[in-house]
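**Student:** Before I ask anything, here is the structure I am working with.
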Amino acid sequence: MPDARRPPVLYVVACGGRPSGHLAEFVSFAQLQGWDVCVIATPDATKFLEAPKLAEQTGHPVRSRYKQPDEPDVLPPADAFVVAPATFNTINKWAHGISDTLALGLLNEATGQGLPIVAVPWPNAALLRHPAFQRSIADLTAWGVRIILDPARPAGVGVFPWDKLRSALPDLLRAAEDSQRP
């Protein structure tokens with residue numbers, strides 16, 4: 001819940017794709033908008049991003065694995081989520097409630113809690129047309145997840161839509177604030 005004593009907390013979930021290597025720029029933008037940003041990476045995302053740099057930038061460790069049950073949480077609770085880039089694998093597993101990574105576990109919990117979420121899938125053209133992916137996008141949308149997806153610009157065509165994601169942050173903040181009102 002956004003709290004007047006602390007900035008709103010945005011969990012940025014990064015999946016295994018080249019745009020994850022440009023996450024630091026988006027994190028800086030979100031921080032300038034007043035978000036306290038925490039980065040959660042799928043195991044494959046760690047191949048693309050610079051975890052130590054992002055940890056220094058955010059002041060929070062980049063998490064990619066579940067913690068031990070007796071370990072304290074090192075991240076503040078999330079008020080909202082961004083999933084960028086969201087892979088074919090993550091979108092489909094998320095839509096089916098699979099929590100085999102920390103990122104998916106957190107996304108499934110956030111969906112169940114009704115937290116605001118924006119996802120930016122980045123599949124290639126063939127995976128974009130896959131029936132399971134289309135069903136998963138429809139399900140996530142029906143559950144309130146905002147999807148930023150331009151079918152004319154799959155992975156490898158054009159550039160990742162960071163501009164559309166940046167434009168979504170004010171609405172995401174309003175949704176986070178609204179979701180906590182009685």
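Simple scheme: letters A, B, ... for chains in structure tokens order, numbers from 1 for residues in each chain, numbers from 1 for ligands in the order shown.
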Looking only at the backbone, which of the residues in range 7-130 of chain A does DSSP tag as strand (DSSP E or B), as a PDB file with N, CA, C and O atoms, in the first residue's frame?

**Tutor:**
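Output (out_10.pdb):
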ATOM      1  N   VAL A   9       6.280   1.457  -3.761  1.00  0.00           N
ATOM      2  CA  VAL A   9       7.266   0.442  -4.139  1.00  0.00           C
ATOM      3  C   VAL A   9       6.821  -0.239  -5.429  1.00  0.00           C
ATOM      4  O   VAL A   9       5.717  -0.775  -5.509  1.00  0.00           O
ATOM      5  N   LEU A  10       7.715  -0.209  -6.406  1.00  0.00           N
ATOM      6  CA  LEU A  10       7.481  -0.826  -7.705  1.00  0.00           C
ATOM      7  C   LEU A  10       8.432  -2.000  -7.867  1.00  0.00           C
ATOM      8  O   LEU A  10       9.648  -1.832  -7.824  1.00  0.00           O
ATOM      9  N   TYR A  11       7.870  -3.199  -8.014  1.00  0.00           N
ATOM     10  CA  TYR A  11       8.684  -4.361  -8.346  1.00  0.00           C
ATOM     11  C   TYR A  11       8.758  -4.437  -9.869  1.00  0.00           C
ATOM     12  O   TYR A  11       7.727  -4.491 -10.541  1.00  0.00           O
ATOM     13  N   VAL A  12       9.974  -4.425 -10.387  1.00  0.00           N
ATOM     14  CA  VAL A  12      10.203  -4.581 -11.815  1.00  0.00           C
ATOM     15  C   VAL A  12      10.711  -6.002 -12.027  1.00  0.00           C
ATOM     16  O   VAL A  12      11.800  -6.351 -11.568  1.00  0.00           O
ATOM     17  N   VAL A  13       9.889  -6.807 -12.681  1.00  0.00           N
ATOM     18  CA  VAL A  13      10.237  -8.198 -12.958  1.00  0.00           C
ATOM     19  C   VAL A  13      10.821  -8.251 -14.365  1.00  0.00           C
ATOM     20  O   VAL A  13      10.171  -7.868 -15.334  1.00  0.00           O
ATOM     21  N   ALA A  14      12.052  -8.709 -14.448  1.00  0.00           N
ATOM     22  CA  ALA A  14      12.740  -8.822 -15.734  1.00  0.00           C
ATOM     23  C   ALA A  14      12.860 -10.287 -16.110  1.00  0.00           C
ATOM     24  O   ALA A  14      13.221 -11.128 -15.279  1.00  0.00           O
ATOM     25  N   ASP A  36      10.086   3.747  -5.356  1.00  0.00           N
ATOM     26  CA  ASP A  36      11.172   2.969  -4.763  1.00  0.00           C
ATOM     27  C   ASP A  36      11.170   1.661  -5.551  1.00  0.00           C
ATOM     28  O   ASP A  36      10.219   0.883  -5.459  1.00  0.00           O
ATOM     29  N   VAL A  37      12.196   1.427  -6.355  1.00  0.00           N
ATOM     30  CA  VAL A  37      12.206   0.308  -7.295  1.00  0.00           C
ATOM     31  C   VAL A  37      13.001  -0.872  -6.745  1.00  0.00           C
ATOM     32  O   VAL A  37      14.102  -0.704  -6.229  1.00  0.00           O
ATOM     33  N   CYS A  38      12.423  -2.058  -6.875  1.00  0.00           N
ATOM     34  CA  CYS A  38      13.088  -3.317  -6.555  1.00  0.00           C
ATOM     35  C   CYS A  38      13.063  -4.175  -7.821  1.00  0.00           C
ATOM     36  O   CYS A  38      12.031  -4.243  -8.490  1.00  0.00           O
ATOM     37  N   VAL A  39      14.177  -4.790  -8.143  1.00  0.00           N
ATOM     38  CA  VAL A  39      14.265  -5.610  -9.350  1.00  0.00           C
ATOM     39  C   VAL A  39      14.231  -7.086  -8.964  1.00  0.00           C
ATOM     40  O   VAL A  39      14.988  -7.530  -8.095  1.00  0.00           O
ATOM     41  N   ILE A  40      13.340  -7.805  -9.641  1.00  0.00           N
ATOM     42  CA  ILE A  40      13.226  -9.258  -9.506  1.00  0.00           C
ATOM     43  C   ILE A  40      13.557  -9.819 -10.886  1.00  0.00           C
ATOM     44  O   ILE A  40      12.974  -9.401 -11.882  1.00  0.00           O
ATOM     45  N   ALA A  41      14.478 -10.749 -10.938  1.00  0.00           N
ATOM     46  CA  ALA A  41      14.901 -11.312 -12.229  1.00  0.00           C
ATOM     47  C   ALA A  41      14.579 -12.797 -12.289  1.00  0.00           C
ATOM     48  O   ALA A  41      14.779 -13.518 -11.311  1.00  0.00           O
ATOM     49  N   ARG A  63      16.764  -9.776  -6.666  1.00  0.00           N
ATOM     50  CA  ARG A  63      16.386 -11.124  -6.251  1.00  0.00           C
ATOM     51  C   ARG A  63      16.048 -11.966  -7.472  1.00  0.00           C
ATOM     52  O   ARG A  63      15.381 -11.500  -8.386  1.00  0.00           O
ATOM     53  N   ALA A  80       2.952  -2.127  -6.650  1.00  0.00           N
ATOM     54  CA  ALA A  80       2.624  -2.346  -8.060  1.00  0.00           C
ATOM     55  C   ALA A  80       3.773  -3.116  -8.703  1.00  0.00           C
ATOM     56  O   ALA A  80       4.881  -3.182  -8.148  1.00  0.00           O
ATOM     57  N   PHE A  81       3.472  -3.672  -9.889  1.00  0.00           N
ATOM     58  CA  PHE A  81       4.451  -4.476 -10.619  1.00  0.00           C
ATOM     59  C   PHE A  81       4.536  -4.031 -12.070  1.00  0.00           C
ATOM     60  O   PHE A  81       3.527  -3.653 -12.668  1.00  0.00           O
ATOM     61  N   VAL A  82       5.736  -4.159 -12.612  1.00  0.00           N
ATOM     62  CA  VAL A  82       5.988  -4.045 -14.046  1.00  0.00           C
ATOM     63  C   VAL A  82       6.724  -5.314 -14.437  1.00  0.00           C
ATOM     64  O   VAL A  82       7.630  -5.749 -13.714  1.00  0.00           O
ATOM     65  N   VAL A  83       6.339  -5.916 -15.555  1.00  0.00           N
ATOM     66  CA  VAL A  83       7.039  -7.092 -16.070  1.00  0.00           C
ATOM     67  C   VAL A  83       7.571  -6.703 -17.439  1.00  0.00           C
ATOM     68  O   VAL A  83       6.812  -6.534 -18.388  1.00  0.00           O
ATOM     69  N   ALA A  84       8.898  -6.511 -17.514  1.00  0.00           N
ATOM     70  CA  ALA A  84       9.492  -6.032 -18.766  1.00  0.00           C
ATOM     71  C   ALA A  84      10.944  -6.476 -18.873  1.00  0.00           C
ATOM     72  O   ALA A  84      11.726  -6.147 -17.991  1.00  0.00           O
ATOM     73  N   PRO A  85      11.276  -7.176 -19.920  1.00  0.00           N
ATOM     74  CA  PRO A  85      10.387  -7.784 -20.892  1.00  0.00           C
ATOM     75  C   PRO A  85       9.731  -9.021 -20.292  1.00  0.00           C
ATOM     76  O   PRO A  85      10.301  -9.681 -19.428  1.00  0.00           O
ATOM     77  N   ALA A  86       8.546  -9.326 -20.755  1.00  0.00           N
ATOM     78  CA  ALA A  86       7.844 -10.537 -20.332  1.00  0.00           C
ATOM     79  C   ALA A  86       7.969 -11.562 -21.453  1.00  0.00           C
ATOM     80  O   ALA A  86       7.542 -11.312 -22.571  1.00  0.00           O
ATOM     81  N   ILE A 117      -0.681  -4.255 -12.178  1.00  0.00           N
ATOM     82  CA  ILE A 117       0.440  -4.861 -12.900  1.00  0.00           C
ATOM     83  C   ILE A 117       0.387  -4.419 -14.356  1.00  0.00           C
ATOM     84  O   ILE A 117      -0.678  -4.454 -14.980  1.00  0.00           O
ATOM     85  N   VAL A 118       1.543  -4.034 -14.886  1.00  0.00           N
ATOM     86  CA  VAL A 118       1.701  -3.765 -16.312  1.00  0.00           C
ATOM     87  C   VAL A 118       2.730  -4.750 -16.829  1.00  0.00           C
ATOM     88  O   VAL A 118       3.828  -4.863 -16.260  1.00  0.00           O
ATOM     89  N   ALA A 119       2.397  -5.461 -17.901  1.00  0.00           N
ATOM     90  CA  ALA A 119       3.319  -6.425 -18.497  1.00  0.00           C
ATOM     91  C   ALA A 119       3.577  -6.048 -19.954  1.00  0.00           C
ATOM     92  O   ALA A 119       2.657  -5.636 -20.665  1.00  0.00           O
ATOM     93  N   VAL A 120       4.828  -6.199 -20.363  1.00  0.00           N
ATOM     94  CA  VAL A 120       5.225  -5.899 -21.735  1.00  0.00           C
ATOM     95  C   VAL A 120       5.820  -7.167 -22.349  1.00  0.00           C
ATOM     96  O   VAL A 120       7.025  -7.404 -22.276  1.00  0.00           O
ATOM     97  N   PRO A 121       4.951  -8.009 -22.928  1.00  0.00           N
ATOM     98  CA  PRO A 121       5.458  -9.223 -23.577  1.00  0.00           C
ATOM     99  C   PRO A 121       6.339  -8.867 -24.775  1.00  0.00           C
ATOM    100  O   PRO A 121       6.112  -7.867 -25.452  1.00  0.00           O
TER     101      PRO A 121
END

**Student:** Out of A:Thr58, A:Gln68, A:Thr46, A:Ser136, which residue has the shortest atom-to-atom distance to Thr90 in chain A when counting only C-alpha atoms?

**Tutor:**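 Once distances to Thr90 in chain A are computed over only C-alpha atoms, the minimum belongs to A:Ser136.
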
**Student:** Please report as CSV every residue of range 35-143 of chain A lying within 10 Å of range 149-156 of chain A, along with the nearest atom pair and their distance in Å (one decimal), using only C-alpha atoms.

**Tutor:**
residue,atom,partner,partner_atom,distance
A:Pro85,CA,A:Ala155,CA,10.0
A:Thr87,CA,A:Ala155,CA,9.9
A:Ala119,CA,A:Leu149,CA,8.5
A:Val120,CA,A:Leu149,CA,6.1
A:Pro121,CA,A:Leu149,CA,6.2
A:Trp122,CA,A:Ala155,CA,5.3
A:Pro123,CA,A:Ala155,CA,5.4
A:Asn124,CA,A:Ala155,CA,4.6
A:Ala125,CA,A:Pro154,CA,5.4
A:Ala126,CA,A:Pro154,CA,9.0
A:Leu127,CA,A:Pro154,CA,9.0
A:Leu128,CA,A:Pro154,CA,7.1
A:Arg129,CA,A:Pro151,CA,8.8
A:Ile137,CA,A:Leu149,CA,9.6

**Student:** Could you write out the selected residues, including N, CA, C and O atoms, as a PDB file, in the first residue's frame?

**Tutor:**
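Written file, out_36.pdb:
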ATOM      1  N   PRO A  85      11.276  -7.176 -19.920  1.00  0.00           N
ATOM      2  CA  PRO A  85      10.387  -7.784 -20.892  1.00  0.00           C
ATOM      3  C   PRO A  85       9.731  -9.021 -20.292  1.00  0.00           C
ATOM      4  O   PRO A  85      10.301  -9.681 -19.428  1.00  0.00           O
ATOM      5  N   THR A  87       8.583 -12.688 -21.155  1.00  0.00           N
ATOM      6  CA  THR A  87       8.795 -13.708 -22.183  1.00  0.00           C
ATOM      7  C   THR A  87       7.547 -14.564 -22.395  1.00  0.00           C
ATOM      8  O   THR A  87       6.636 -14.607 -21.559  1.00  0.00           O
ATOM      9  N   ALA A 119       2.397  -5.461 -17.901  1.00  0.00           N
ATOM     10  CA  ALA A 119       3.319  -6.425 -18.497  1.00  0.00           C
ATOM     11  C   ALA A 119       3.577  -6.048 -19.954  1.00  0.00           C
ATOM     12  O   ALA A 119       2.657  -5.636 -20.665  1.00  0.00           O
ATOM     13  N   VAL A 120       4.828  -6.199 -20.363  1.00  0.00           N
ATOM     14  CA  VAL A 120       5.225  -5.899 -21.735  1.00  0.00           C
ATOM     15  C   VAL A 120       5.820  -7.167 -22.349  1.00  0.00           C
ATOM     16  O   VAL A 120       7.025  -7.404 -22.276  1.00  0.00           O
ATOM     17  N   PRO A 121       4.951  -8.009 -22.928  1.00  0.00           N
ATOM     18  CA  PRO A 121       5.458  -9.223 -23.577  1.00  0.00           C
ATOM     19  C   PRO A 121       6.339  -8.867 -24.775  1.00  0.00           C
ATOM     20  O   PRO A 121       6.112  -7.867 -25.452  1.00  0.00           O
ATOM     21  N   TRP A 122       7.321  -9.740 -25.036  1.00  0.00           N
ATOM     22  CA  TRP A 122       8.278  -9.488 -26.115  1.00  0.00           C
ATOM     23  C   TRP A 122       8.615 -10.790 -26.826  1.00  0.00           C
ATOM     24  O   TRP A 122       9.782 -11.174 -26.953  1.00  0.00           O
ATOM     25  N   PRO A 123       7.580 -11.509 -27.310  1.00  0.00           N
ATOM     26  CA  PRO A 123       7.849 -12.766 -28.015  1.00  0.00           C
ATOM     27  C   PRO A 123       8.222 -12.505 -29.469  1.00  0.00           C
ATOM     28  O   PRO A 123       7.938 -11.425 -30.006  1.00  0.00           O
ATOM     29  N   ASN A 124       8.812 -13.507 -30.115  1.00  0.00           N
ATOM     30  CA  ASN A 124       9.058 -13.369 -31.552  1.00  0.00           C
ATOM     31  C   ASN A 124       7.728 -13.547 -32.292  1.00  0.00           C
ATOM     32  O   ASN A 124       6.693 -13.862 -31.688  1.00  0.00           O
ATOM     33  N   ALA A 125       7.735 -13.352 -33.603  1.00  0.00           N
ATOM     34  CA  ALA A 125       6.498 -13.357 -34.390  1.00  0.00           C
ATOM     35  C   ALA A 125       5.768 -14.699 -34.318  1.00  0.00           C
ATOM     36  O   ALA A 125       4.536 -14.740 -34.213  1.00  0.00           O
ATOM     37  N   ALA A 126       6.497 -15.802 -34.372  1.00  0.00           N
ATOM     38  CA  ALA A 126       5.855 -17.117 -34.327  1.00  0.00           C
ATOM     39  C   ALA A 126       5.204 -17.363 -32.970  1.00  0.00           C
ATOM     40  O   ALA A 126       4.062 -17.839 -32.890  1.00  0.00           O
ATOM     41  N   LEU A 127       5.905 -17.035 -31.878  1.00  0.00           N
ATOM     42  CA  LEU A 127       5.353 -17.253 -30.544  1.00  0.00           C
ATOM     43  C   LEU A 127       4.189 -16.304 -30.256  1.00  0.00           C
ATOM     44  O   LEU A 127       3.258 -16.661 -29.539  1.00  0.00           O
ATOM     45  N   LEU A 128       4.236 -15.126 -30.836  1.00  0.00           N
ATOM     46  CA  LEU A 128       3.144 -14.169 -30.680  1.00  0.00           C
ATOM     47  C   LEU A 128       1.832 -14.758 -31.190  1.00  0.00           C
ATOM     48  O   LEU A 128       0.769 -14.520 -30.620  1.00  0.00           O
ATOM     49  N   ARG A 129       1.897 -15.545 -32.249  1.00  0.00           N
ATOM     50  CA  ARG A 129       0.695 -16.134 -32.855  1.00  0.00           C
ATOM     51  C   ARG A 129       0.289 -17.473 -32.218  1.00  0.00           C
ATOM     52  O   ARG A 129      -0.760 -18.018 -32.552  1.00  0.00           O
ATOM     53  N   ILE A 137      -2.624 -14.204 -22.756  1.00  0.00           N
ATOM     54  CA  ILE A 137      -2.785 -12.745 -22.788  1.00  0.00           C
ATOM     55  C   ILE A 137      -4.232 -12.377 -22.479  1.00  0.00           C
ATOM     56  O   ILE A 137      -4.497 -11.451 -21.694  1.00  0.00           O
TER      57      ILE A 137
END

**Student:** Got a sec to tell me which of range 106-164 of chain A DSSP assigns to helix (DSSP H, G or I), as a ChimeraX atom specification?

**Tutor:** /A:106-113,125-128,131-142,162-164

**Student:** Print the selection's residues with N, CA and C atoms to a file, as a short mmCIF file (atom, residue, chain, number, x, y, z; two decimals), in the first residue's frame.

**Tutor:**
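And here's part_22.cif as it stands now:
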data_model
loop_
_atom_site.label_atom_id
_atom_site.label_comp_id
_atom_site.auth_asym_id
_atom_site.auth_seq_id
_atom_site.Cartn_x
_atom_site.Cartn_y
_atom_site.Cartn_z
N LEU A 106 5.82 -14.30 -7.15
CA LEU A 106 5.41 -12.94 -6.79
C LEU A 106 4.31 -12.43 -7.71
N LEU A 107 4.41 -12.73 -9.00
CA LEU A 107 3.37 -12.29 -9.94
C LEU A 107 2.04 -12.99 -9.64
N ASN A 108 2.08 -14.26 -9.31
CA ASN A 108 0.85 -14.97 -8.98
C ASN A 108 0.22 -14.41 -7.70
N GLU A 109 1.04 -14.12 -6.70
CA GLU A 109 0.52 -13.52 -5.48
C GLU A 109 -0.07 -12.14 -5.75
N ALA A 110 0.64 -11.33 -6.54
CA ALA A 110 0.16 -9.99 -6.85
C ALA A 110 -1.16 -10.03 -7.60
N THR A 111 -1.29 -10.99 -8.51
CA THR A 111 -2.55 -11.15 -9.25
C THR A 111 -3.67 -11.50 -8.28
N GLY A 112 -3.39 -12.42 -7.37
CA GLY A 112 -4.39 -12.82 -6.38
C GLY A 112 -4.76 -11.70 -5.43
N GLN A 113 -3.82 -10.79 -5.16
CA GLN A 113 -4.09 -9.66 -4.27
C GLN A 113 -4.75 -8.50 -5.00
N ALA A 125 7.74 -13.35 -33.60
CA ALA A 125 6.50 -13.36 -34.39
C ALA A 125 5.77 -14.70 -34.32
N ALA A 126 6.50 -15.80 -34.37
CA ALA A 126 5.85 -17.12 -34.33
C ALA A 126 5.20 -17.36 -32.97
N LEU A 127 5.91 -17.04 -31.88
CA LEU A 127 5.35 -17.25 -30.54
C LEU A 127 4.19 -16.30 -30.26
N LEU A 128 4.24 -15.13 -30.84
CA LEU A 128 3.14 -14.17 -30.68
C LEU A 128 1.83 -14.76 -31.19
N PRO A 131 -1.42 -20.19 -30.11
CA PRO A 131 -2.72 -20.14 -29.42
C PRO A 131 -2.63 -20.08 -27.89
N ALA A 132 -1.67 -20.77 -27.31
CA ALA A 132 -1.54 -20.73 -25.84
C ALA A 132 -1.18 -19.32 -25.38
N PHE A 133 -0.31 -18.66 -26.12
CA PHE A 133 0.08 -17.30 -25.77
C PHE A 133 -1.13 -16.36 -25.87
N GLN A 134 -1.89 -16.50 -26.93
CA GLN A 134 -3.08 -15.66 -27.12
C GLN A 134 -4.08 -15.86 -25.97
N ARG A 135 -4.29 -17.11 -25.56
CA ARG A 135 -5.19 -17.39 -24.42
C ARG A 135 -4.63 -16.81 -23.14
N SER A 136 -3.34 -16.93 -22.95
CA SER A 136 -2.72 -16.40 -21.72
C SER A 136 -2.86 -14.89 -21.65
N ILE A 137 -2.62 -14.20 -22.76
CA ILE A 137 -2.78 -12.74 -22.79
C ILE A 137 -4.23 -12.38 -22.48
N ALA A 138 -5.18 -13.10 -23.06
CA ALA A 138 -6.60 -12.82 -22.80
C ALA A 138 -6.94 -13.04 -21.33
N ASP A 139 -6.43 -14.13 -20.74
CA ASP A 139 -6.70 -14.39 -19.32
C ASP A 139 -6.10 -13.30 -18.44
N LEU A 140 -4.84 -12.96 -18.65
CA LEU A 140 -4.20 -11.94 -17.83
C LEU A 140 -4.93 -10.61 -17.94
N THR A 141 -5.33 -10.26 -19.14
CA THR A 141 -6.08 -9.02 -19.35
C THR A 141 -7.40 -9.06 -18.59
N ALA A 142 -8.09 -10.18 -18.66
CA ALA A 142 -9.37 -10.32 -17.94
C ALA A 142 -9.18 -10.21 -16.44
N TRP A 162 9.82 0.85 -24.46
CA TRP A 162 10.08 1.50 -23.17
C TRP A 162 9.25 2.78 -23.04
N ASP A 163 9.05 3.50 -24.14
CA ASP A 163 8.30 4.75 -24.08
C ASP A 163 6.87 4.51 -23.61
N LYS A 164 6.21 3.47 -24.11
CA LYS A 164 4.85 3.16 -23.68
C LYS A 164 4.82 2.73 -22.22
#

**Student:** Rank nothing, just name the residue among A:Thr42, A:Pro161, A:Gly97, A:Leu173 nearest to Ile148 in chain A, using only C-alpha atoms.

**Tutor:**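 Of all the options, A:Pro161 lies closest to Ile148 in chain A.
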